[in-house]
file query.txt (compact mmCIF, C-alpha atoms)
# COMPACT_ATOMS: atom_id res chain seq x y z
CA MET A 1 -15.64 196.50 -66.33
CA LYS A 2 -17.17 197.82 -69.55
CA ASN A 3 -15.19 198.91 -72.61
CA VAL A 4 -12.04 197.11 -71.50
CA LYS A 5 -9.42 197.13 -74.27
CA SER A 6 -7.42 193.95 -74.87
CA ASP A 7 -4.14 195.84 -75.32
CA HIS A 8 -4.37 197.40 -71.86
CA LEU A 9 -2.51 196.10 -68.83
CA HIS A 10 -4.82 194.45 -66.31
CA PHE A 11 -4.06 194.28 -62.59
CA GLY A 12 -6.22 192.47 -60.10
CA GLY A 13 -8.61 191.76 -62.95
CA LEU A 14 -9.18 195.42 -63.83
CA ASP A 15 -8.03 197.67 -66.66
CA THR A 16 -5.25 199.88 -65.29
CA VAL A 17 -5.82 202.55 -67.92
CA GLU A 18 -9.42 202.83 -66.82
CA LEU A 19 -8.30 203.03 -63.19
CA ALA A 20 -5.95 205.89 -64.11
CA ARG A 21 -8.83 207.65 -65.88
CA ILE A 22 -11.18 207.28 -62.90
CA TYR A 23 -8.77 208.03 -60.06
CA ASP A 24 -6.06 210.10 -61.82
CA THR A 25 -2.30 209.58 -61.52
CA PRO A 26 0.06 208.99 -59.81
CA LEU A 27 -1.98 206.18 -58.29
CA TYR A 28 -1.13 203.29 -55.99
CA VAL A 29 -3.19 200.20 -56.86
CA TYR A 30 -3.38 197.10 -54.65
CA ASP A 31 -4.64 193.67 -55.64
CA VAL A 32 -6.36 192.61 -52.41
CA HIS A 33 -6.63 189.00 -53.57
CA LYS A 34 -2.82 188.90 -53.85
CA ILE A 35 -2.45 190.41 -50.35
CA ARG A 36 -4.69 187.65 -48.98
CA GLU A 37 -2.83 185.00 -50.98
CA ASN A 38 0.53 186.11 -49.57
CA ALA A 39 -0.79 186.25 -46.00
CA ARG A 40 -2.32 182.79 -46.29
CA ALA A 41 0.90 181.34 -47.67
CA PHE A 42 2.49 182.08 -44.29
CA VAL A 43 -0.50 181.29 -42.08
CA ASN A 44 -1.51 178.04 -43.76
CA THR A 45 2.04 176.69 -43.74
CA PHE A 46 2.25 177.14 -39.99
CA LYS A 47 -1.15 175.51 -39.58
CA ASN A 48 -0.16 172.56 -41.75
CA MET A 49 3.00 172.08 -39.69
CA GLN A 50 0.89 172.05 -36.53
CA ILE A 51 2.95 174.47 -34.51
CA PRO A 52 1.81 177.49 -32.46
CA PHE A 53 2.53 180.73 -34.29
CA GLN A 54 1.75 184.35 -35.00
CA VAL A 55 2.23 186.01 -38.37
CA ALA A 56 2.56 189.70 -37.59
CA TYR A 57 2.17 192.08 -40.53
CA ALA A 58 4.92 194.71 -40.35
CA SER A 59 2.73 197.75 -40.94
CA LYS A 60 5.67 200.02 -41.75
CA ALA A 61 5.52 198.49 -45.24
CA PHE A 62 2.10 200.03 -45.84
CA SER A 63 -0.26 201.24 -43.15
CA SER A 64 -3.79 202.44 -43.71
CA ILE A 65 -7.13 201.66 -42.11
CA ALA A 66 -8.23 199.58 -45.10
CA MET A 67 -4.97 197.61 -45.17
CA LEU A 68 -5.21 196.80 -41.48
CA GLN A 69 -8.81 195.72 -41.94
CA VAL A 70 -7.60 193.15 -44.47
CA ALA A 71 -4.81 192.04 -42.11
CA LYS A 72 -7.39 191.60 -39.36
CA GLN A 73 -9.65 189.57 -41.65
CA GLU A 74 -6.74 187.25 -42.46
CA GLY A 75 -6.05 186.59 -38.78
CA LEU A 76 -2.68 188.35 -38.77
CA SER A 77 -1.03 190.03 -35.83
CA LEU A 78 0.45 193.50 -36.28
CA ASP A 79 3.76 195.27 -35.77
CA VAL A 80 3.69 199.01 -35.10
CA VAL A 81 6.66 201.29 -34.50
CA SER A 82 5.07 204.61 -33.56
CA GLN A 83 2.04 206.25 -32.03
CA GLY A 84 0.80 207.03 -35.52
CA GLU A 85 0.89 203.38 -36.58
CA LEU A 86 -0.72 202.33 -33.30
CA TYR A 87 -3.41 204.99 -33.68
CA THR A 88 -4.15 203.75 -37.21
CA ALA A 89 -4.46 200.19 -35.89
CA LEU A 90 -6.89 201.30 -33.20
CA GLN A 91 -8.95 203.25 -35.73
CA ALA A 92 -9.11 200.11 -37.87
CA GLY A 93 -10.45 198.13 -34.92
CA PHE A 94 -7.45 195.84 -34.88
CA PRO A 95 -7.45 193.43 -31.87
CA VAL A 96 -5.10 195.02 -29.33
CA GLU A 97 -3.94 191.66 -28.01
CA ARG A 98 -2.36 190.97 -31.41
CA ILE A 99 -0.47 194.28 -31.65
CA HIS A 100 3.29 194.38 -31.00
CA LEU A 101 5.17 197.66 -30.44
CA HIS A 102 8.66 197.96 -31.93
CA GLY A 103 11.18 200.82 -32.07
CA ASN A 104 14.74 201.67 -31.07
CA ASN A 105 13.77 204.94 -29.35
CA LYS A 106 10.32 204.52 -27.84
CA SER A 107 9.15 207.63 -26.05
CA THR A 108 7.34 207.78 -22.73
CA GLU A 109 4.20 208.78 -24.65
CA GLU A 110 4.45 205.75 -26.94
CA LEU A 111 4.91 203.34 -24.06
CA GLU A 112 2.04 204.99 -22.16
CA MET A 113 -0.22 204.61 -25.20
CA ALA A 114 0.71 200.94 -25.48
CA LEU A 115 -0.01 200.35 -21.79
CA LYS A 116 -3.23 202.35 -21.87
CA HIS A 117 -4.61 200.18 -24.67
CA ASN A 118 -3.16 196.99 -23.20
CA ILE A 119 -1.50 195.88 -26.42
CA GLY A 120 -0.23 192.34 -26.68
CA CYS A 121 3.51 192.84 -26.55
CA ILE A 122 6.32 195.38 -26.43
CA VAL A 123 9.62 194.47 -28.10
CA VAL A 124 12.26 195.88 -25.75
CA ASP A 125 15.23 197.37 -27.56
CA ASN A 126 17.63 199.02 -25.09
CA PHE A 127 18.41 199.75 -21.42
CA TYR A 128 16.91 203.24 -21.56
CA GLU A 129 13.60 201.72 -22.60
CA ILE A 130 13.75 199.16 -19.80
CA GLU A 131 14.10 201.97 -17.27
CA LEU A 132 11.15 203.85 -18.76
CA LEU A 133 9.03 200.72 -18.81
CA GLU A 134 9.89 199.75 -15.25
CA GLY A 135 8.74 203.14 -14.04
CA LEU A 136 5.55 203.15 -16.08
CA VAL A 137 4.32 199.68 -15.10
CA LYS A 138 4.68 200.65 -11.46
CA GLU A 139 2.95 203.99 -12.03
CA TYR A 140 0.05 202.31 -13.83
CA ASN A 141 0.08 199.25 -11.55
CA GLN A 142 0.03 197.12 -14.67
CA THR A 143 1.82 194.07 -16.03
CA VAL A 144 3.13 193.91 -19.59
CA ASN A 145 4.39 191.23 -21.97
CA VAL A 146 7.74 191.90 -23.63
CA LEU A 147 10.12 190.33 -26.08
CA LEU A 148 13.84 190.97 -25.75
CA ARG A 149 15.29 192.07 -29.09
CA VAL A 150 18.77 190.69 -29.66
CA THR A 151 21.31 190.99 -32.47
CA PRO A 152 22.65 187.52 -33.21
CA GLY A 153 25.55 188.76 -35.32
CA ILE A 154 24.25 187.19 -38.53
CA GLU A 155 24.80 189.36 -41.61
CA ALA A 156 22.20 188.96 -44.33
CA HIS A 157 23.28 189.44 -47.94
CA THR A 158 21.39 192.62 -48.57
CA HIS A 159 21.86 196.38 -48.84
CA ASP A 160 23.79 197.86 -45.91
CA TYR A 161 21.09 200.42 -45.18
CA ILE A 162 18.56 197.70 -44.39
CA LEU A 163 20.85 195.20 -42.68
CA THR A 164 19.94 194.89 -39.00
CA GLY A 165 21.13 191.57 -37.56
CA GLN A 166 24.84 192.29 -37.27
CA GLU A 167 26.58 193.25 -34.03
CA ASP A 168 26.95 196.92 -34.95
CA SER A 169 23.30 197.93 -35.13
CA LYS A 170 21.07 200.59 -33.62
CA PHE A 171 18.56 197.82 -32.87
CA GLY A 172 18.54 195.42 -29.95
CA PHE A 173 20.97 193.96 -27.41
CA ASP A 174 24.14 192.29 -28.64
CA LEU A 175 24.50 188.63 -27.72
CA SER A 176 28.28 188.45 -27.98
CA ASN A 177 29.16 191.22 -25.50
CA GLY A 178 26.80 190.09 -22.73
CA GLN A 179 24.37 193.01 -22.94
CA ALA A 180 21.47 190.77 -23.94
CA GLU A 181 21.95 188.58 -20.88
CA GLN A 182 22.27 191.63 -18.66
CA ALA A 183 19.00 193.00 -20.07
CA LEU A 184 17.26 189.65 -19.58
CA LEU A 185 18.20 189.52 -15.91
CA LYS A 186 17.04 193.08 -15.38
CA LEU A 187 13.67 192.31 -16.96
CA LEU A 188 13.24 189.03 -15.08
CA ASP A 189 13.82 190.88 -11.84
CA ASP A 190 10.72 193.04 -12.40
CA LYS A 191 7.52 191.25 -11.37
CA GLU A 192 5.36 193.55 -13.51
CA ILE A 193 7.22 192.56 -16.69
CA ASN A 194 6.62 189.18 -18.28
CA VAL A 195 9.44 188.21 -20.63
CA LEU A 196 7.55 186.18 -23.24
CA GLY A 197 10.63 185.46 -25.29
CA ILE A 198 13.30 186.80 -27.59
CA HIS A 199 13.28 188.54 -30.96
CA CYS A 200 15.75 188.96 -33.79
CA HIS A 201 15.69 190.39 -37.30
CA ILE A 202 18.61 189.82 -39.63
CA GLY A 203 17.78 192.11 -42.56
CA SER A 204 15.43 192.69 -45.47
CA GLN A 205 14.88 191.43 -49.03
CA ILE A 206 16.55 188.10 -48.21
CA PHE A 207 16.19 185.36 -50.83
CA GLU A 208 17.89 182.39 -49.16
CA THR A 209 17.04 180.60 -45.91
CA THR A 210 20.67 180.13 -44.80
CA GLY A 211 20.81 183.32 -42.73
CA PHE A 212 17.57 182.51 -40.92
CA ILE A 213 18.80 179.00 -40.11
CA MET A 214 22.09 180.35 -38.74
CA ALA A 215 20.15 182.84 -36.60
CA VAL A 216 18.00 180.04 -35.13
CA GLN A 217 21.14 178.07 -34.30
CA LYS A 218 22.75 181.08 -32.60
CA LEU A 219 19.59 181.81 -30.64
CA TYR A 220 19.34 178.23 -29.41
CA GLN A 221 22.91 178.30 -28.19
CA THR A 222 21.93 181.35 -26.16
CA MET A 223 18.64 179.83 -24.99
CA ASN A 224 20.43 176.71 -23.79
CA LYS A 225 22.91 178.86 -21.86
CA TRP A 226 20.14 180.96 -20.29
CA ASN A 227 18.22 177.85 -19.32
CA THR A 228 21.30 176.40 -17.61
CA LEU A 229 22.33 179.58 -15.83
CA HIS A 230 19.00 181.28 -15.12
CA GLN A 231 16.34 178.61 -15.68
CA TYR A 232 14.77 180.80 -18.33
CA VAL A 233 13.11 179.20 -21.36
CA PRO A 234 11.33 181.52 -23.86
CA GLU A 235 7.69 180.87 -24.63
CA VAL A 236 8.03 182.83 -27.88
CA LEU A 237 10.76 182.92 -30.49
CA ASN A 238 10.27 185.82 -32.91
CA LEU A 239 12.46 185.38 -35.99
CA GLY A 240 11.53 188.68 -37.64
CA GLY A 241 10.89 189.19 -41.32
CA GLY A 242 12.89 190.23 -44.35
CA PHE A 243 11.59 187.61 -46.78
CA GLY A 244 12.40 188.77 -50.30
CA ILE A 245 10.08 189.46 -53.21
CA LYS A 246 10.56 189.69 -56.97
CA TYR A 247 11.13 193.23 -58.24
CA THR A 248 12.97 192.38 -61.47
CA GLU A 249 14.00 189.28 -63.42
CA GLU A 250 17.26 189.26 -61.47
CA ASP A 251 15.44 188.51 -58.21
CA GLU A 252 14.89 184.87 -57.26
CA PRO A 253 13.00 184.69 -53.96
CA GLN A 254 11.83 181.44 -52.41
CA PRO A 255 8.12 180.59 -52.33
CA LEU A 256 6.83 182.11 -49.08
CA ALA A 257 5.94 178.72 -47.63
CA GLN A 258 9.56 177.58 -47.93
CA TYR A 259 10.76 180.27 -45.53
CA VAL A 260 8.31 179.04 -42.90
CA GLU A 261 9.17 175.39 -43.51
CA ALA A 262 12.89 176.06 -43.14
CA LEU A 263 12.40 178.02 -39.92
CA VAL A 264 10.10 175.47 -38.32
CA HIS A 265 12.31 172.52 -39.26
CA GLU A 266 15.37 174.21 -37.78
CA VAL A 267 13.56 175.22 -34.57
CA LYS A 268 12.38 171.64 -34.10
CA GLU A 269 15.89 170.33 -34.74
CA GLN A 270 17.49 172.74 -32.29
CA ALA A 271 14.82 172.14 -29.63
CA LYS A 272 15.46 168.42 -29.90
CA GLN A 273 19.22 168.87 -29.74
CA TYR A 274 19.10 170.99 -26.59
CA GLU A 275 16.10 169.18 -25.07
CA LEU A 276 14.10 172.38 -24.87
CA PRO A 277 10.37 172.78 -25.51
CA ILE A 278 9.33 174.11 -28.93
CA PRO A 279 8.31 177.76 -28.47
CA GLU A 280 5.54 179.61 -30.25
CA ILE A 281 7.13 180.94 -33.45
CA TRP A 282 6.42 184.49 -34.58
CA ILE A 283 7.44 186.09 -37.85
CA GLU A 284 7.02 189.63 -39.18
CA PRO A 285 6.52 189.81 -42.95
CA GLY A 286 5.69 193.23 -44.36
CA ARG A 287 7.09 193.59 -47.87
CA ALA A 288 6.39 189.88 -48.53
CA ILE A 289 2.67 190.45 -47.94
CA VAL A 290 2.09 193.72 -49.81
CA GLY A 291 5.12 194.33 -52.03
CA ASP A 292 4.14 192.43 -55.15
CA ALA A 293 0.45 193.09 -54.47
CA GLY A 294 0.85 196.77 -55.37
CA MET A 295 1.79 198.81 -58.41
CA THR A 296 1.97 202.52 -59.25
CA LEU A 297 0.42 204.15 -62.30
CA TYR A 298 1.86 207.34 -63.79
CA SER A 299 1.13 209.59 -66.75
CA VAL A 300 3.96 210.14 -69.23
CA GLY A 301 4.92 213.75 -69.86
CA SER A 302 8.05 215.08 -71.52
CA ILE A 303 10.34 212.81 -73.53
CA LYS A 304 13.91 214.03 -73.96
CA GLU A 305 16.12 212.44 -76.62
CA ILE A 306 19.88 212.88 -76.24
CA PRO A 307 21.37 211.39 -79.43
CA ASP A 308 23.78 208.50 -78.78
CA VAL A 309 23.40 208.99 -75.02
CA ARG A 310 19.96 208.41 -73.50
CA THR A 311 16.22 208.95 -73.80
CA TYR A 312 14.52 210.33 -70.71
CA VAL A 313 10.82 209.57 -70.29
CA SER A 314 9.44 211.73 -67.49
CA VAL A 315 6.37 210.83 -65.45
CA ASN A 316 4.20 212.85 -63.08
CA GLY A 317 5.65 211.30 -59.94
CA GLY A 318 9.02 210.12 -58.72
CA MET A 319 10.93 210.22 -55.46
CA THR A 320 7.94 211.75 -53.70
CA ASP A 321 5.89 208.58 -54.17
CA ASN A 322 8.78 206.08 -54.44
CA ILE A 323 11.99 207.19 -52.81
CA ARG A 324 13.57 203.72 -52.82
CA PRO A 325 15.49 204.08 -56.12
CA ALA A 326 17.06 207.36 -54.95
CA LEU A 327 17.58 206.11 -51.38
CA TYR A 328 19.26 202.78 -52.06
CA ASN A 329 19.25 202.16 -55.79
CA ALA A 330 16.20 199.90 -55.75
CA LYS A 331 15.36 198.28 -59.09
CA TYR A 332 11.94 197.97 -60.75
CA ASN A 333 10.29 196.91 -63.99
CA ALA A 334 7.66 198.94 -65.84
CA VAL A 335 5.23 198.66 -68.74
CA VAL A 336 3.31 201.14 -70.86
CA ALA A 337 -0.12 200.13 -69.63
CA ASN A 338 -2.12 201.35 -72.65
CA LYS A 339 0.28 199.63 -75.09
CA SER A 340 1.07 196.47 -73.17
CA ASN A 341 0.81 194.23 -76.25
CA GLU A 342 3.20 196.27 -78.35
CA GLU A 343 6.75 195.02 -78.69
CA SER A 344 9.16 196.83 -76.37
CA THR A 345 12.29 197.61 -78.36
CA LYS A 346 13.22 201.11 -77.22
CA THR A 347 15.54 201.58 -74.22
CA VAL A 348 14.65 204.57 -72.07
CA SER A 349 15.19 205.91 -68.57
CA ILE A 350 12.15 206.70 -66.43
CA ALA A 351 12.62 210.05 -64.71
CA GLY A 352 10.65 211.62 -61.90
CA LYS A 353 9.63 215.26 -61.95
CA CYS A 354 11.31 216.39 -58.73
CA CYS A 355 13.99 219.04 -58.95
CA GLU A 356 16.76 216.52 -58.26
CA THR A 357 19.13 214.89 -60.76
CA GLY A 358 18.88 211.69 -58.75
CA ASP A 359 15.10 211.48 -59.11
CA MET A 360 15.21 208.48 -61.44
CA LEU A 361 12.76 205.60 -61.04
CA ILE A 362 14.33 203.22 -63.59
CA TRP A 363 17.57 203.81 -65.49
CA ASP A 364 17.13 201.32 -68.33
CA GLU A 365 13.73 199.96 -69.35
CA GLN A 366 12.38 198.59 -72.60
CA VAL A 367 9.23 200.31 -73.90
CA PRO A 368 7.40 200.49 -77.25
CA GLU A 369 8.86 202.80 -79.89
CA SER A 370 5.50 204.58 -79.93
CA ILE A 371 5.70 205.81 -76.32
CA GLU A 372 4.41 209.37 -76.10
CA ALA A 373 3.04 212.01 -73.73
CA GLY A 374 -0.27 210.95 -72.23
CA ASP A 375 0.59 207.24 -72.07
CA ILE A 376 0.06 205.45 -68.76
CA LEU A 377 3.16 203.86 -67.27
CA GLY A 378 2.83 201.16 -64.64
CA ILE A 379 5.66 200.19 -62.28
CA PHE A 380 5.33 196.81 -60.60
CA SER A 381 5.94 195.67 -57.00
CA THR A 382 5.58 199.06 -55.35
CA GLY A 383 3.19 197.87 -52.63
CA ALA A 384 5.80 198.12 -49.87
CA TYR A 385 7.44 201.39 -48.83
CA GLY A 386 5.89 203.43 -51.63
CA TYR A 387 2.99 205.12 -49.92
CA SER A 388 4.50 204.68 -46.44
CA MET A 389 7.67 206.59 -47.43
CA SER A 390 5.93 209.13 -49.66
CA ASN A 391 6.71 212.78 -49.02
CA ASN A 392 5.91 216.33 -50.06
CA TYR A 393 9.25 217.35 -51.52
CA ASN A 394 8.77 220.22 -53.97
CA ARG A 395 5.30 220.50 -52.39
CA PHE A 396 3.96 217.63 -54.45
CA THR A 397 0.81 216.04 -53.04
CA LYS A 398 0.71 212.38 -52.07
CA PRO A 399 -1.14 210.03 -54.45
CA ALA A 400 -4.39 208.22 -53.80
CA VAL A 401 -4.59 204.51 -52.97
CA VAL A 402 -7.09 202.16 -54.61
CA PHE A 403 -7.90 198.56 -53.68
CA VAL A 404 -9.16 196.17 -56.35
CA GLU A 405 -10.90 192.88 -55.56
CA ASN A 406 -13.64 190.74 -57.08
CA GLY A 407 -13.81 192.86 -60.21
CA LYS A 408 -14.37 196.11 -58.31
CA SER A 409 -12.21 199.06 -57.33
CA GLN A 410 -12.47 201.20 -54.22
CA LEU A 411 -10.68 204.35 -53.13
CA VAL A 412 -9.16 203.65 -49.69
CA VAL A 413 -6.84 206.67 -49.29
CA LYS A 414 -7.82 210.02 -50.77
CA ARG A 415 -5.38 211.99 -52.89
CA GLU A 416 -3.87 214.88 -50.98
CA THR A 417 -5.14 218.30 -52.00
CA TYR A 418 -3.23 221.56 -52.02
CA GLN A 419 -5.46 222.66 -49.18
CA SER A 420 -4.45 219.67 -47.05
CA LEU A 421 -0.83 220.30 -48.05
CA THR A 422 -0.89 223.75 -46.42
CA GLN A 423 -3.38 223.12 -43.61
CA ASN A 424 -0.72 223.22 -40.90
CA ASP A 425 1.04 226.31 -42.27
CA LEU A 426 0.67 229.54 -40.30
CA PHE A 427 1.16 233.12 -41.37
CA TYR A 428 4.12 234.95 -39.90
CA GLU A 429 3.17 238.28 -38.29
call {"tool": "encode", "arguments": {"input": "query.txt", "output": "structure tokens"}}
result
Amino acid sequence: MKNVKSDHLHFGGLDTVELARIYDTPLYVYDVHKIRENARAFVNTFKNMQIPFQVAYASKAFSSIAMLQVAKQEGLSLDVVSQGELYTALQAGFPVERIHLHGNNKSTEELEMALKHNIGCIVVDNFYEIELLEGLVKEYNQTVNVLLRVTPGIEAHTHDYILTGQEDSKFGFDLSNGQAEQALLKLLDDKEINVLGIHCHIGSQIFETTGFIMAVQKLYQTMNKWNTLHQYVPEVLNLGGGFGIKYTEEDEPQPLAQYVEALVHEVKEQAKQYELPIPEIWIEPGRAIVGDAGMTLYSVGSIKEIPDVRTYVSVNGGMTDNIRPALYNAKYNAVVANKSNEESTKTVSIAGKCCETGDMLIWDEQVPESIEAGDILGIFSTGAYGYSMSNNYNRFTKPAVVFVENGKSQLVVKRETYQSLTQNDLFYE
């Protein structure tokens, strides 16, 4: 790009200050090369270990037509949890046979949409859903592949709000109280339903492999029991996602390949121990594919100095484009993009502009002493759950999304306008 300044932060090979000038702020920027690199770290490890697999991108992390086009190009499968996510996948031309439908409260309409488009798999979550599905497959005279979601009782060391593998969870059938086995028998009794295998997910932002290994061991104990009692052996073992990424210097995630290696080794070991065939292994990374591939650019506005207390640096975004800090105290690092080579010696707090005291993006960050209104602030690792959880609180409009790759930038999601913000409003008469 022309006129690139050496003191500017570059992301994906492009000058972020220039991107902010062209596309305005707040702005989500994705390095597509990094997305591909993360996806291939999973895919190529499975290939090298010569085991059947699917790597399903969890689209809740970030769903857009352009993103799903990239996922398709990389040979990924896809997790969707709503009609909206499924509709986006269909609009992107994503192969329906590689789409999996999740959700703890699937509606009749969602299940009908999945059946109508003959998607690859439905992850069954509760008895209510089984009853709905049994009725629909008979009504449509159609067979369907399902996975049985179970909670193995393994607690990941993560934030309680995103911990899903323990016994007390809104997701799945509990193994310990017999509900999972009861659900399996009910599904096996329906000739229109093909139980491909079982699914579990133990949490999110997990750095170690210990929890995943314990989950595999617990699942194989169950699989051995079900084989003995019911002659059922899963073709697919879906071990979920939750692989951690680096947000700050405190985070120490494993290389992505190591998660796959640990899972495959343990599955092989357990299969050998119980003399069971090795199933096709599925995983569901979302954050691990897009999280560190994205960043958000803001413009600095007011700076409030409270002597001997704190300095607030306010930006033109906040909990409307990144609710994670307010929701569960998520931590991030930032840089003043137009002064990235200046020494950062001033401690400030990065505030959002929403009318909420809790709208704080970062409480303590080091920035140059020269920080001032009009500077461009970049926050790293916002590629997951930024845009997808964005909202219109205070009637702020949602930011645009830009992809950068091969030295070029492209707008892939338009910035919301005030007209689009009010397009569904009606006058009261």
call {"tool": "closest_residue", "arguments": {"input": "query.txt", "among": "A:His8, A:Gln50, A:Asn227, A:Ile362", "to": "Glu275 (chain A)", "atoms": "only C-alpha atoms"}}
result
A:Asn227
call {"tool": "closest_residue", "arguments": {"input": "query.txt", "among": "A:Ala384, A:Ile99, A:Val80, A:Ile376", "to": "Gly286 (chain A)", "atoms": "all atoms listed in the file"}}
result
A:Ala384
call {"tool": "atom_distance", "arguments": {"input": "query.txt", "atom1": "CA of Pro253 (chain A)", "atom2": "CA of Ile350 (chain A)"}}
result
25.3 Å
call {"tool": "atom_distance", "arguments": {"input": "query.txt", "atom1": "CA of Leu19 (chain A)", "atom2": "CA of Val32 (chain A)"}}
result
15.1 Å
call {"tool": "atom_distance", "arguments": {"input": "query.txt", "atom1": "CA of Thr151 (chain A)", "atom2": "CA of Tyr232 (chain A)"}}
result
18.6 Å
call {"tool": "residues_near_point", "arguments": {"input": "query.txt", "point": "(4.9, 199.9, -41.1)", "cutoff": "8 Å", "atoms": "all atoms listed in the file", "output": "ChimeraX atom specification"}}
result
/A:58-63,79-81,85,286,388
